>>> print(open('final_15.cif').read())   # mmCIF, C-alpha atoms
data_protein
loop_
_atom_site.label_atom_id
_atom_site.label_comp_id
_atom_site.auth_asym_id
_atom_site.auth_seq_id
_atom_site.Cartn_x
_atom_site.Cartn_y
_atom_site.Cartn_z
CA MET A 251 8.63 -6.97 -7.41
CA ASN A 252 6.33 -8.40 -10.07
CA LYS A 253 4.89 -5.08 -11.23
CA PRO A 254 6.92 -4.11 -14.31
CA ASN A 255 4.68 -1.25 -15.42
CA LEU A 256 4.81 0.37 -12.00
CA TYR A 257 8.50 -0.40 -11.54
CA GLN A 258 9.43 1.31 -14.81
CA ARG A 259 7.58 4.46 -13.70
CA ALA A 260 8.86 4.49 -10.11
CA ASN A 261 12.49 3.35 -10.26
CA GLY A 262 14.08 6.81 -10.13
CA LEU A 263 16.51 5.88 -7.37
CA GLN A 264 17.69 2.76 -9.18
CA ARG A 265 18.13 4.61 -12.48
CA ARG A 266 20.02 7.48 -10.88
CA ASP A 267 22.48 5.20 -9.09
CA ALA A 268 23.01 2.90 -12.08
CA GLU A 269 23.80 5.87 -14.32
CA GLU A 270 26.23 7.36 -11.77
CA ILE A 271 28.00 4.03 -11.20
CA LEU A 272 28.33 3.34 -14.92
CA ASN A 273 29.68 6.85 -15.50
CA GLU A 274 32.38 6.16 -12.90
CA TYR A 275 33.08 2.46 -13.43
CA GLY A 276 31.79 1.67 -16.91
CA GLN A 277 35.08 2.27 -18.66
CA ARG A 278 36.83 -0.19 -16.32
CA LEU A 279 34.94 -3.02 -17.95
CA ARG A 280 37.29 -4.70 -20.40
CA TRP A 281 35.45 -4.01 -23.63
CA THR A 282 37.02 -5.99 -26.47
CA GLY A 283 35.22 -4.52 -29.47
CA ASP A 284 34.79 -8.04 -30.80
CA ALA A 285 31.56 -8.81 -32.67
CA LYS A 286 31.02 -11.78 -30.37
CA GLU A 287 31.44 -9.77 -27.16
CA SER A 288 28.77 -10.79 -24.68
CA LEU A 289 27.13 -9.24 -21.62
CA LEU A 290 24.76 -10.65 -19.02
CA ASP A 291 22.63 -8.34 -16.87
CA ILE A 292 21.28 -9.91 -13.66
CA GLY A 293 18.06 -8.52 -12.20
CA CYS A 294 17.23 -6.43 -15.26
CA GLY A 295 13.67 -5.69 -14.11
CA SER A 296 11.81 -3.85 -16.86
CA GLY A 297 15.02 -3.65 -18.91
CA ASP A 298 15.27 0.13 -19.07
CA VAL A 299 18.56 0.43 -17.15
CA LEU A 300 20.16 -2.17 -19.40
CA ILE A 301 18.97 -0.45 -22.58
CA ASP A 302 19.48 3.16 -21.49
CA PHE A 303 22.77 2.98 -19.60
CA VAL A 304 24.61 -0.32 -20.15
CA LEU A 305 24.08 -0.88 -23.87
CA PRO A 306 25.56 2.51 -24.94
CA LEU A 307 28.86 1.58 -23.23
CA MET A 308 29.46 -1.50 -25.36
CA SER A 309 32.07 -1.01 -28.06
CA ARG A 310 29.79 -2.69 -30.60
CA ALA A 311 26.03 -2.48 -30.46
CA ASP A 312 25.74 -5.88 -32.20
CA GLY A 313 27.28 -7.91 -29.38
CA ARG A 314 25.31 -10.61 -27.55
CA ILE A 315 23.32 -9.07 -24.68
CA LEU A 316 21.09 -10.99 -22.29
CA GLY A 317 18.92 -9.41 -19.60
CA THR A 318 17.68 -11.73 -16.86
CA ASP A 319 15.33 -11.54 -13.91
CA ILE A 320 13.84 -13.99 -11.43
CA SER A 321 10.38 -12.57 -12.20
CA GLU A 322 8.69 -14.05 -15.25
CA GLN A 323 6.43 -10.97 -15.38
CA MET A 324 9.48 -8.71 -15.65
CA VAL A 325 11.01 -10.88 -18.37
CA ARG A 326 7.83 -10.84 -20.43
CA PHE A 327 7.49 -7.08 -20.04
CA ALA A 328 11.13 -6.47 -21.05
CA ARG A 329 10.80 -8.70 -24.11
CA LYS A 330 7.78 -6.79 -25.31
CA ALA A 331 9.09 -3.33 -24.42
CA HIS A 332 12.44 -3.85 -26.15
CA ALA A 333 11.44 -6.18 -28.99
CA CYS A 334 13.04 -3.83 -31.53
CA ARG A 335 16.50 -4.59 -30.08
CA LYS A 336 17.29 -7.72 -32.08
CA ASN A 337 20.58 -8.49 -30.31
CA VAL A 338 19.13 -7.98 -26.81
CA LEU A 339 17.37 -11.03 -25.39
CA PHE A 340 15.67 -11.67 -22.06
CA ASP A 341 15.32 -14.82 -19.99
CA SER A 342 14.54 -15.86 -16.44
CA LEU A 343 17.35 -16.56 -13.97
CA ASP A 344 17.50 -17.14 -10.22
CA ILE A 345 21.10 -16.15 -9.50
CA GLY A 346 20.81 -17.61 -6.01
CA GLY A 347 19.81 -21.07 -7.26
CA GLU A 348 21.11 -23.82 -9.53
CA ILE A 349 22.28 -22.53 -12.92
CA ASP A 350 23.42 -25.66 -14.78
CA HIS A 351 20.51 -25.52 -17.22
CA PHE A 352 21.07 -21.81 -17.78
CA LEU A 353 24.78 -22.36 -18.46
CA ASP A 354 24.00 -25.15 -20.90
CA LYS A 355 21.60 -22.86 -22.74
CA TRP A 356 23.59 -19.61 -22.83
CA GLY A 357 27.21 -20.41 -21.98
CA GLN A 358 29.59 -17.93 -20.35
CA PHE A 359 29.86 -14.16 -20.80
CA ASP A 360 32.59 -11.56 -21.19
CA HIS A 361 30.85 -9.14 -18.84
CA ILE A 362 28.21 -9.26 -16.11
CA THR A 363 26.35 -6.30 -14.70
CA SER A 364 23.77 -6.16 -11.92
CA PHE A 365 22.04 -3.20 -10.31
CA TYR A 366 19.79 -3.36 -7.26
CA CYS A 367 19.33 -7.12 -7.35
CA LEU A 368 21.82 -8.98 -5.16
CA HIS A 369 20.57 -7.63 -1.82
CA TRP A 370 17.37 -9.64 -2.45
CA VAL A 371 19.38 -12.89 -2.69
CA ARG A 372 19.50 -14.83 0.54
CA TYR A 373 22.38 -17.15 -0.33
CA GLN A 374 25.20 -14.75 -1.16
CA ASN A 375 27.92 -17.38 -1.58
CA MET A 376 25.79 -19.19 -4.15
CA ALA A 377 25.05 -15.95 -6.01
CA PHE A 378 28.69 -14.90 -6.26
CA SER A 379 29.78 -18.43 -7.13
CA ASN A 380 27.24 -18.44 -9.96
CA ILE A 381 28.47 -15.06 -11.20
CA TYR A 382 32.03 -16.40 -11.19
CA ASN A 383 31.00 -19.50 -13.14
CA LEU A 384 29.00 -17.44 -15.66
CA LEU A 385 32.07 -15.37 -16.53
CA LYS A 386 34.63 -16.39 -19.12
CA THR A 387 38.24 -16.47 -17.96
CA GLY A 388 39.40 -12.85 -18.12
CA GLY A 389 35.80 -11.64 -17.97
CA ASP A 390 34.68 -9.00 -15.49
CA CYS A 391 31.63 -7.90 -13.56
CA LEU A 392 30.21 -4.67 -12.18
CA LEU A 393 27.68 -5.16 -9.38
CA ALA A 394 25.76 -2.64 -7.26
CA PHE A 395 23.46 -3.60 -4.40
CA LEU A 396 22.26 -2.33 -1.05
CA ALA A 397 24.13 -2.87 2.18
CA ARG A 398 21.75 -0.87 4.35
CA ASN A 399 18.48 0.93 3.69
CA PRO A 400 15.69 2.19 5.99
CA ILE A 401 13.15 0.19 3.97
CA PHE A 402 14.35 -3.01 5.64
CA ASP A 403 14.01 -1.51 9.14
CA ILE A 404 10.52 -0.29 8.25
CA TYR A 405 9.50 -3.75 7.03
CA ASP A 406 10.84 -5.20 10.29
CA GLN A 407 8.81 -2.75 12.38
CA LEU A 408 5.66 -3.42 10.36
CA SER A 409 6.13 -7.18 10.77
CA ARG A 410 5.55 -6.62 14.50
CA TYR A 411 2.12 -5.08 13.93
CA PRO A 412 -0.53 -7.75 14.65
CA LYS A 413 -2.40 -6.93 11.42
CA TRP A 414 0.73 -7.35 9.26
CA ALA A 415 2.51 -10.16 11.10
CA GLU A 416 1.04 -12.92 8.93
CA TYR A 417 1.88 -11.12 5.69
CA LEU A 418 5.45 -10.31 6.75
CA LYS A 419 6.23 -13.51 8.66
CA ASP A 420 9.29 -14.16 6.46
CA VAL A 421 10.54 -10.56 6.55
CA ASP A 422 14.13 -11.73 7.13
CA LYS A 423 14.07 -13.38 3.71
CA TYR A 424 13.58 -9.95 2.13
CA THR A 425 16.17 -8.05 4.16
CA SER A 426 19.62 -7.23 2.81
CA PRO A 427 22.15 -9.77 4.17
CA TYR A 428 24.35 -6.80 5.09
CA GLN A 429 21.70 -4.63 6.79
CA TYR A 430 23.10 -5.21 10.27
CA CYS A 431 26.66 -6.11 9.27
CA GLU A 432 29.43 -4.12 10.98
CA ASN A 433 31.88 -4.61 8.11
CA PRO A 434 30.04 -5.38 4.85
CA ALA A 435 33.15 -4.78 2.72
CA GLY A 436 35.09 -7.37 4.73
CA GLU A 437 32.29 -9.92 4.50
CA ILE A 438 31.91 -9.41 0.75
CA GLU A 439 35.68 -9.69 0.27
CA GLU A 440 35.64 -13.07 2.03
CA ILE A 441 32.89 -14.29 -0.29
CA LEU A 442 34.62 -13.03 -3.45
CA SER A 443 37.84 -14.74 -2.43
CA SER A 444 36.12 -17.99 -1.44
CA VAL A 445 34.41 -18.40 -4.84
CA GLY A 446 37.63 -17.83 -6.80
CA PHE A 447 38.01 -14.10 -7.50
CA THR A 448 41.53 -12.79 -6.91
CA GLU A 449 41.21 -9.36 -8.54
CA TYR A 450 38.45 -7.15 -7.19
CA GLN A 451 37.55 -3.75 -5.78
CA ILE A 452 34.82 -3.06 -3.22
CA GLN A 453 33.41 0.36 -2.41
CA ILE A 454 30.77 1.19 0.18
CA MET A 455 29.05 4.44 -0.77
CA ASP A 456 26.95 6.64 1.51
CA LYS A 457 23.99 7.79 -0.56
CA LEU A 458 20.86 9.88 -0.12
CA TYR A 459 17.67 9.91 -2.16
CA VAL A 460 14.85 12.40 -1.65
CA TYR A 461 11.29 11.47 -2.57
CA GLU A 462 9.32 14.56 -3.54
CA GLY A 463 6.15 13.76 -1.69
CA VAL A 464 4.32 10.87 -0.05
CA ASP A 465 2.77 9.67 -3.32
CA SER A 466 6.22 9.37 -4.90
CA LEU A 467 7.41 7.29 -1.95
CA LYS A 468 4.34 5.06 -2.03
CA LYS A 469 4.79 4.27 -5.73
CA ALA A 470 8.47 3.43 -5.23
CA VAL A 471 7.71 1.16 -2.27
CA GLN A 472 4.82 -0.53 -4.05
CA ALA A 473 7.03 -1.24 -7.06
CA VAL A 474 9.45 -3.36 -5.02
CA ASN A 475 7.26 -4.48 -2.11
CA PRO A 476 7.65 -8.29 -1.93
CA PHE A 477 4.62 -8.67 0.35
CA SER A 478 1.90 -6.83 -1.55
CA GLU A 479 0.80 -9.81 -3.65
CA ARG A 480 -0.34 -11.45 -0.44
CA MET A 481 -2.76 -8.59 0.24
CA THR A 482 -5.99 -7.32 -1.29
CA LEU A 483 -5.87 -3.89 -2.92
CA ASP A 484 -7.51 -2.26 0.09
CA LEU A 485 -4.96 -3.84 2.40
CA GLN A 486 -2.11 -2.75 0.15
CA GLU A 487 -3.15 0.90 0.53
CA ASP A 488 -3.56 0.43 4.29
CA PHE A 489 -0.08 -1.09 4.43
CA LEU A 490 1.42 1.86 2.56
CA ASN A 491 -0.26 4.29 4.95
CA ASP A 492 1.25 2.45 7.91
CA TYR A 493 4.60 2.44 6.07
CA VAL A 494 4.43 6.24 5.80
CA GLY A 495 3.54 6.41 9.49
CA VAL A 496 6.74 4.58 10.40
CA VAL A 497 8.71 6.87 8.07
CA ASN A 498 7.35 9.88 9.93
CA ARG A 499 8.19 8.40 13.33
CA MET A 500 11.74 7.70 12.13
CA SER A 501 12.06 11.42 11.27
CA LEU A 502 12.82 10.65 7.63
CA SER A 503 10.25 13.15 6.33
CA LYS A 504 9.92 16.92 6.41
CA ASP A 505 7.11 19.28 5.34
CA TYR A 506 7.89 21.31 2.25
CA CYS A 507 4.51 22.96 1.68
CA LYS A 508 3.48 25.80 4.00
CA ASP A 509 0.16 24.14 4.70
CA GLY A 510 1.87 20.82 5.46
CA ASN A 511 -0.02 18.97 2.74
CA ASP A 512 3.05 17.22 1.42
CA ARG A 513 6.42 16.13 2.62
CA LYS A 514 9.88 15.33 1.37
CA ILE A 515 11.13 11.91 2.42
CA PHE A 516 14.87 11.59 2.96
CA THR A 517 16.31 8.12 2.47
CA PRO A 518 19.96 7.69 3.55
CA TYR A 519 21.46 4.34 2.60
CA LYS A 520 24.69 2.48 1.94
CA LEU A 521 25.35 1.09 -1.53
CA VAL A 522 27.93 -1.59 -2.34
CA VAL A 523 29.79 -1.40 -5.67
CA VAL A 524 31.90 -4.40 -6.68
CA TYR A 525 34.17 -4.65 -9.69
CA ALA A 526 35.84 -8.04 -10.14
CA VAL A 527 37.80 -9.90 -12.81
CA LYS A 528 37.90 -13.68 -13.25
#
>>> encode(input="final_15.cif", output="structure tokens")
Amino acid sequence: MNKPNLYQRANGLQRRDAEEILNEYGQRLRWTGDAKESLLDIGCGSGDVLIDFVLPLMSRADGRILGTDISEQMVRFARKAHACRKNVLFDSLDIGGEIDHFLDKWGQFDHITSFYCLHWVRYQNMAFSNIYNLLKTGGDCLLAFLARNPIFDIYDQLSRYPKWAEYLKDVDKYTSPYQYCENPAGEIEEILSSVGFTEYQIQIMDKLYVYEGVDSLKKAVQAVNPFSERMTLDLQEDFLNDYVGVVNRMSLSKDYCKDGNDRKIFTPYKLVVVYAVK
């Protein structure tokens, strides 16, 4: 999750879903057209989703836009990659931690967006409470994050391998809080209500993404793998090979070349979309 160059090249799933969600929900955001209109993006990564899909929706391109990420490497990369955007700034933010200093520095925002970030946050009540507090009264947010995904089951299986147990000893910390939840919409509704939201919509979407080959899958996994920094490069490749082995055993892959040299990997998952107004 600290590999911005790789992430920008291998985030096809995240880009596809963000674009589709913004096409469907983007106009629900209460754009004011005011020159001082402000937007905060949480978990911006390399910044390309914010620049390519969120920014064009704003009524005025000169509003105040702030992209944030918990990874300092991502923030530095985004600053450099998008330095020509004078009204788009980037800063670090742990949305699951204390935000008093961040609030003092930046204040509140008219809009908050977040794509493929919140499922990494262990303390969901804190994250949603922080989002509520970062919004101005009347402000709104559009959030998309994973409920369930095979990647978390694969990590769990690999954590039981003796050679990976030490590296994945805290695997639960990097598993979506809703991975094994019977009613994620109900649980999220309770959290939204408890932190102060009274107007909100929650949708659980069944999605499918197809990786065109093992190499494509490996790059995508490596881009978001929270455990790889604990491993040498040789071990990282070994880990990815074992990851693919579990994928094959879970029947998520299928040959698409006659000689069987490559495979398509089918990834079914559930995506949560939340729109809420303060």
>>> residues_near_point(input="final_15.cif", point="(32.1, -16.2, 0.5)", cutoff="8 Å", atoms="only C-alpha atoms", output="PyMOL selection string")
chain A and resi 374-375+378+437-445
>>> closest_atom_pairs(input="final_15.cif", of="region 373-455 of chain A", to="region 292-307 of chain A", cutoff="12 Å", atoms="all atoms listed in the file", output="JSON lines")
{"residue": "A:Ala377", "atom": "CA", "partner": "A:Ile292", "partner_atom": "CA", "distance": 10.5}
{"residue": "A:Phe378", "atom": "CA", "partner": "A:Ile292", "partner_atom": "CA", "distance": 11.6}
{"residue": "A:Asn380", "atom": "CA", "partner": "A:Ile292", "partner_atom": "CA", "distance": 11.0}
{"residue": "A:Ile381", "atom": "CA", "partner": "A:Ile292", "partner_atom": "CA", "distance": 9.2}
{"residue": "A:Leu384", "atom": "CA", "partner": "A:Ile292", "partner_atom": "CA", "distance": 11.0}
{"residue": "A:Cys391", "atom": "CA", "partner": "A:Ile292", "partner_atom": "CA", "distance": 10.5}
{"residue": "A:Leu392", "atom": "CA", "partner": "A:Ile292", "partner_atom": "CA", "distance": 10.5}
{"residue": "A:Leu393", "atom": "CA", "partner": "A:Ile292", "partner_atom": "CA", "distance": 9.0}
{"residue": "A:Ala394", "atom": "CA", "partner": "A:Ile292", "partner_atom": "CA", "distance": 10.7}
{"residue": "A:Phe395", "atom": "CA", "partner": "A:Gly293", "partner_atom": "CA", "distance": 10.7}
>>> closest_residue(input="final_15.cif", among="A:Tyr417, A:Tyr411, A:Phe516, A:Phe447", to="Val460 (chain A)", atoms="all atoms listed in the file")
A:Phe516
>>> resolve_selection(input="final_15.cif", expression="the PyMOL selection byres ((chain A and resi 435) around 8)", output="list of chain:residue names")
A:Asn433, A:Pro434, A:Gly436, A:Glu437, A:Ile438, A:Glu439, A:Ile452, A:Gln453, A:Ile454, A:Val522
>>> closest_residue(input="final_15.cif", among="A:Met481, A:Ile315, A:Val494, A:Leu418", to="Ile362 (chain A)", atoms="only C-alpha atoms")
A:Ile315
>>> resolve_selection(input="final_15.cif", expression="the PyMOL selection byres ((chain A and resi 337) around 12)", output="list in words")
Ala285, Lys286, Glu287, Ser288, Leu289, Ile301, Leu305, Arg310, Ala311, Asp312, Gly313, Arg314, Ile315, Leu316, Gly317, Arg329, His332, Ala333, Cys334, Arg335, Lys336, Val338, Leu339 and Phe340 of chain A
>>> write_last_selection(input="final_15.cif", atoms="C-alpha atoms", output="tab-separated table (two decimals), in the coordinates of the input")
chain	number	residue	atom	x	y	z
A	285	ALA	CA	31.56	-8.81	-32.67
A	286	LYS	CA	31.02	-11.78	-30.37
A	287	GLU	CA	31.44	-9.77	-27.16
A	288	SER	CA	28.77	-10.79	-24.68
A	289	LEU	CA	27.13	-9.24	-21.62
A	301	ILE	CA	18.97	-0.45	-22.58
A	305	LEU	CA	24.08	-0.88	-23.87
A	310	ARG	CA	29.79	-2.69	-30.60
A	311	ALA	CA	26.03	-2.48	-30.46
A	312	ASP	CA	25.74	-5.88	-32.20
A	313	GLY	CA	27.28	-7.91	-29.38
A	314	ARG	CA	25.31	-10.61	-27.55
A	315	ILE	CA	23.32	-9.07	-24.68
A	316	LEU	CA	21.09	-10.99	-22.29
A	317	GLY	CA	18.92	-9.41	-19.60
A	329	ARG	CA	10.80	-8.70	-24.11
A	332	HIS	CA	12.44	-3.85	-26.15
A	333	ALA	CA	11.44	-6.18	-28.99
A	334	CYS	CA	13.04	-3.83	-31.53
A	335	ARG	CA	16.50	-4.59	-30.08
A	336	LYS	CA	17.29	-7.72	-32.08
A	338	VAL	CA	19.13	-7.98	-26.81
A	339	LEU	CA	17.37	-11.03	-25.39
A	340	PHE	CA	15.67	-11.67	-22.06
>>> closest_residue(input="final_15.cif", among="A:Leu385, A:Arg326, A:Arg280, A:Tyr430", to="Asp403 (chain A)", atoms="all atoms listed in the file")
A:Tyr430
>>> atom_distance(input="final_15.cif", atom1="CA of Gly495 (chain A)", atom2="CA of Asp267 (chain A)")
26.6 Å
>>> resolve_selection(input="final_15.cif", expression="the PyMOL selection byres ((chain A and resi 373) around 10)", output="PyMOL selection string")
chain A and resi 345-347+368-372+374-378+423+427
>>> write_last_selection(input="final_15.cif", atoms="C-alpha atoms", output="mmCIF file, in the coordinates of the input")
data_model
loop_
_atom_site.group_PDB
_atom_site.id
_atom_site.type_symbol
_atom_site.label_atom_id
_atom_site.label_comp_id
_atom_site.auth_asym_id
_atom_site.auth_seq_id
_atom_site.Cartn_x
_atom_site.Cartn_y
_atom_site.Cartn_z
ATOM 1 C CA ILE A 345 21.100 -16.150 -9.500
ATOM 2 C CA GLY A 346 20.810 -17.610 -6.010
ATOM 3 C CA GLY A 347 19.810 -21.070 -7.260
ATOM 4 C CA LEU A 368 21.820 -8.980 -5.160
ATOM 5 C CA HIS A 369 20.570 -7.630 -1.820
ATOM 6 C CA TRP A 370 17.370 -9.640 -2.450
ATOM 7 C CA VAL A 371 19.380 -12.890 -2.690
ATOM 8 C CA ARG A 372 19.500 -14.830 0.540
ATOM 9 C CA GLN A 374 25.200 -14.750 -1.160
ATOM 10 C CA ASN A 375 27.920 -17.380 -1.580
ATOM 11 C CA MET A 376 25.790 -19.190 -4.150
ATOM 12 C CA ALA A 377 25.050 -15.950 -6.010
ATOM 13 C CA PHE A 378 28.690 -14.900 -6.260
ATOM 14 C CA LYS A 423 14.070 -13.380 3.710
ATOM 15 C CA PRO A 427 22.150 -9.770 4.170
#
>>> decode(input="final_15.cif", residues="region 292-302 of chain A", atoms="all heavy atoms", output="PDB file, in the first residue's frame")
ATOM      1  N   ILE A 292     -10.606  11.099   0.801  1.00  0.00           N
ATOM      2  CA  ILE A 292      -9.937  10.286   1.814  1.00  0.00           C
ATOM      3  C   ILE A 292      -9.422   9.009   1.166  1.00  0.00           C
ATOM      4  O   ILE A 292     -10.180   8.277   0.532  1.00  0.00           O
ATOM      5  CB  ILE A 292     -10.905   9.948   2.966  1.00  0.00           C
ATOM      6  CG1 ILE A 292     -11.357  11.233   3.671  1.00  0.00           C
ATOM      7  CG2 ILE A 292     -10.261   8.990   3.950  1.00  0.00           C
ATOM      8  CD1 ILE A 292     -12.494  11.025   4.653  1.00  0.00           C
ATOM      9  N   GLY A 293      -8.134   8.741   1.334  1.00  0.00           N
ATOM     10  CA  GLY A 293      -7.529   7.564   0.723  1.00  0.00           C
ATOM     11  C   GLY A 293      -7.289   7.778  -0.757  1.00  0.00           C
ATOM     12  O   GLY A 293      -7.581   6.902  -1.578  1.00  0.00           O
ATOM     13  N   CYS A 294      -6.714   8.909  -1.111  1.00  0.00           N
ATOM     14  CA  CYS A 294      -6.570   9.296  -2.518  1.00  0.00           C
ATOM     15  C   CYS A 294      -5.534   8.472  -3.260  1.00  0.00           C
ATOM     16  O   CYS A 294      -5.492   8.495  -4.493  1.00  0.00           O
ATOM     17  CB  CYS A 294      -6.234  10.773  -2.636  1.00  0.00           C
ATOM     18  SG  CYS A 294      -4.589  11.213  -2.007  1.00  0.00           S
ATOM     19  N   GLY A 295      -4.663   7.749  -2.526  1.00  0.00           N
ATOM     20  CA  GLY A 295      -3.627   6.970  -3.202  1.00  0.00           C
ATOM     21  C   GLY A 295      -2.749   7.860  -4.057  1.00  0.00           C
ATOM     22  O   GLY A 295      -2.278   8.911  -3.636  1.00  0.00           O
ATOM     23  N   SER A 296      -2.558   7.456  -5.304  1.00  0.00           N
ATOM     24  CA  SER A 296      -1.703   8.214  -6.227  1.00  0.00           C
ATOM     25  C   SER A 296      -2.374   9.471  -6.756  1.00  0.00           C
ATOM     26  O   SER A 296      -1.742  10.258  -7.467  1.00  0.00           O
ATOM     27  CB  SER A 296      -1.274   7.327  -7.394  1.00  0.00           C
ATOM     28  OG  SER A 296      -2.402   6.749  -8.030  1.00  0.00           O
ATOM     29  N   GLY A 297      -3.650   9.666  -6.437  1.00  0.00           N
ATOM     30  CA  GLY A 297      -4.349  10.901  -6.806  1.00  0.00           C
ATOM     31  C   GLY A 297      -5.056  10.862  -8.138  1.00  0.00           C
ATOM     32  O   GLY A 297      -5.779  11.805  -8.484  1.00  0.00           O
ATOM     33  N   ASP A 298      -4.897   9.781  -8.905  1.00  0.00           N
ATOM     34  CA  ASP A 298      -5.451   9.779 -10.263  1.00  0.00           C
ATOM     35  C   ASP A 298      -6.966   9.708 -10.291  1.00  0.00           C
ATOM     36  O   ASP A 298      -7.618  10.314 -11.158  1.00  0.00           O
ATOM     37  CB  ASP A 298      -4.843   8.644 -11.097  1.00  0.00           C
ATOM     38  CG  ASP A 298      -5.019   7.274 -10.473  1.00  0.00           C
ATOM     39  OD1 ASP A 298      -4.589   7.066  -9.324  1.00  0.00           O
ATOM     40  OD2 ASP A 298      -5.586   6.392 -11.130  1.00  0.00           O
ATOM     41  N   VAL A 299      -7.589   8.984  -9.345  1.00  0.00           N
ATOM     42  CA  VAL A 299      -9.054   8.925  -9.307  1.00  0.00           C
ATOM     43  C   VAL A 299      -9.625  10.298  -8.972  1.00  0.00           C
ATOM     44  O   VAL A 299     -10.601  10.752  -9.583  1.00  0.00           O
ATOM     45  CB  VAL A 299      -9.531   7.864  -8.295  1.00  0.00           C
ATOM     46  CG1 VAL A 299     -11.026   8.013  -8.006  1.00  0.00           C
ATOM     47  CG2 VAL A 299      -9.240   6.466  -8.824  1.00  0.00           C
ATOM     48  N   LEU A 300      -9.019  10.976  -8.022  1.00  0.00           N
ATOM     49  CA  LEU A 300      -9.466  12.318  -7.657  1.00  0.00           C
ATOM     50  C   LEU A 300      -9.388  13.268  -8.850  1.00  0.00           C
ATOM     51  O   LEU A 300     -10.350  13.995  -9.155  1.00  0.00           O
ATOM     52  CB  LEU A 300      -8.612  12.856  -6.506  1.00  0.00           C
ATOM     53  CG  LEU A 300      -8.808  14.323  -6.103  1.00  0.00           C
ATOM     54  CD1 LEU A 300     -10.236  14.578  -5.648  1.00  0.00           C
ATOM     55  CD2 LEU A 300      -7.816  14.723  -5.021  1.00  0.00           C
ATOM     56  N   ILE A 301      -8.267  13.260  -9.549  1.00  0.00           N
ATOM     57  CA  ILE A 301      -8.058  14.179 -10.663  1.00  0.00           C
ATOM     58  C   ILE A 301      -8.910  13.805 -11.873  1.00  0.00           C
ATOM     59  O   ILE A 301      -9.527  14.666 -12.507  1.00  0.00           O
ATOM     60  CB  ILE A 301      -6.566  14.220 -11.057  1.00  0.00           C
ATOM     61  CG1 ILE A 301      -5.706  14.742  -9.896  1.00  0.00           C
ATOM     62  CG2 ILE A 301      -6.364  15.068 -12.311  1.00  0.00           C
ATOM     63  CD1 ILE A 301      -6.036  16.146  -9.453  1.00  0.00           C
ATOM     64  N   ASP A 302      -8.965  12.513 -12.186  1.00  0.00           N
ATOM     65  CA  ASP A 302      -9.625  12.079 -13.421  1.00  0.00           C
ATOM     66  C   ASP A 302     -11.140  12.015 -13.322  1.00  0.00           C
ATOM     67  O   ASP A 302     -11.834  12.260 -14.319  1.00  0.00           O
ATOM     68  CB  ASP A 302      -9.105  10.698 -13.844  1.00  0.00           C
ATOM     69  CG  ASP A 302      -7.635  10.720 -14.247  1.00  0.00           C
ATOM     70  OD1 ASP A 302      -7.110  11.821 -14.500  1.00  0.00           O
ATOM     71  OD2 ASP A 302      -7.017   9.642 -14.302  1.00  0.00           O
TER      72      ASP A 302
END
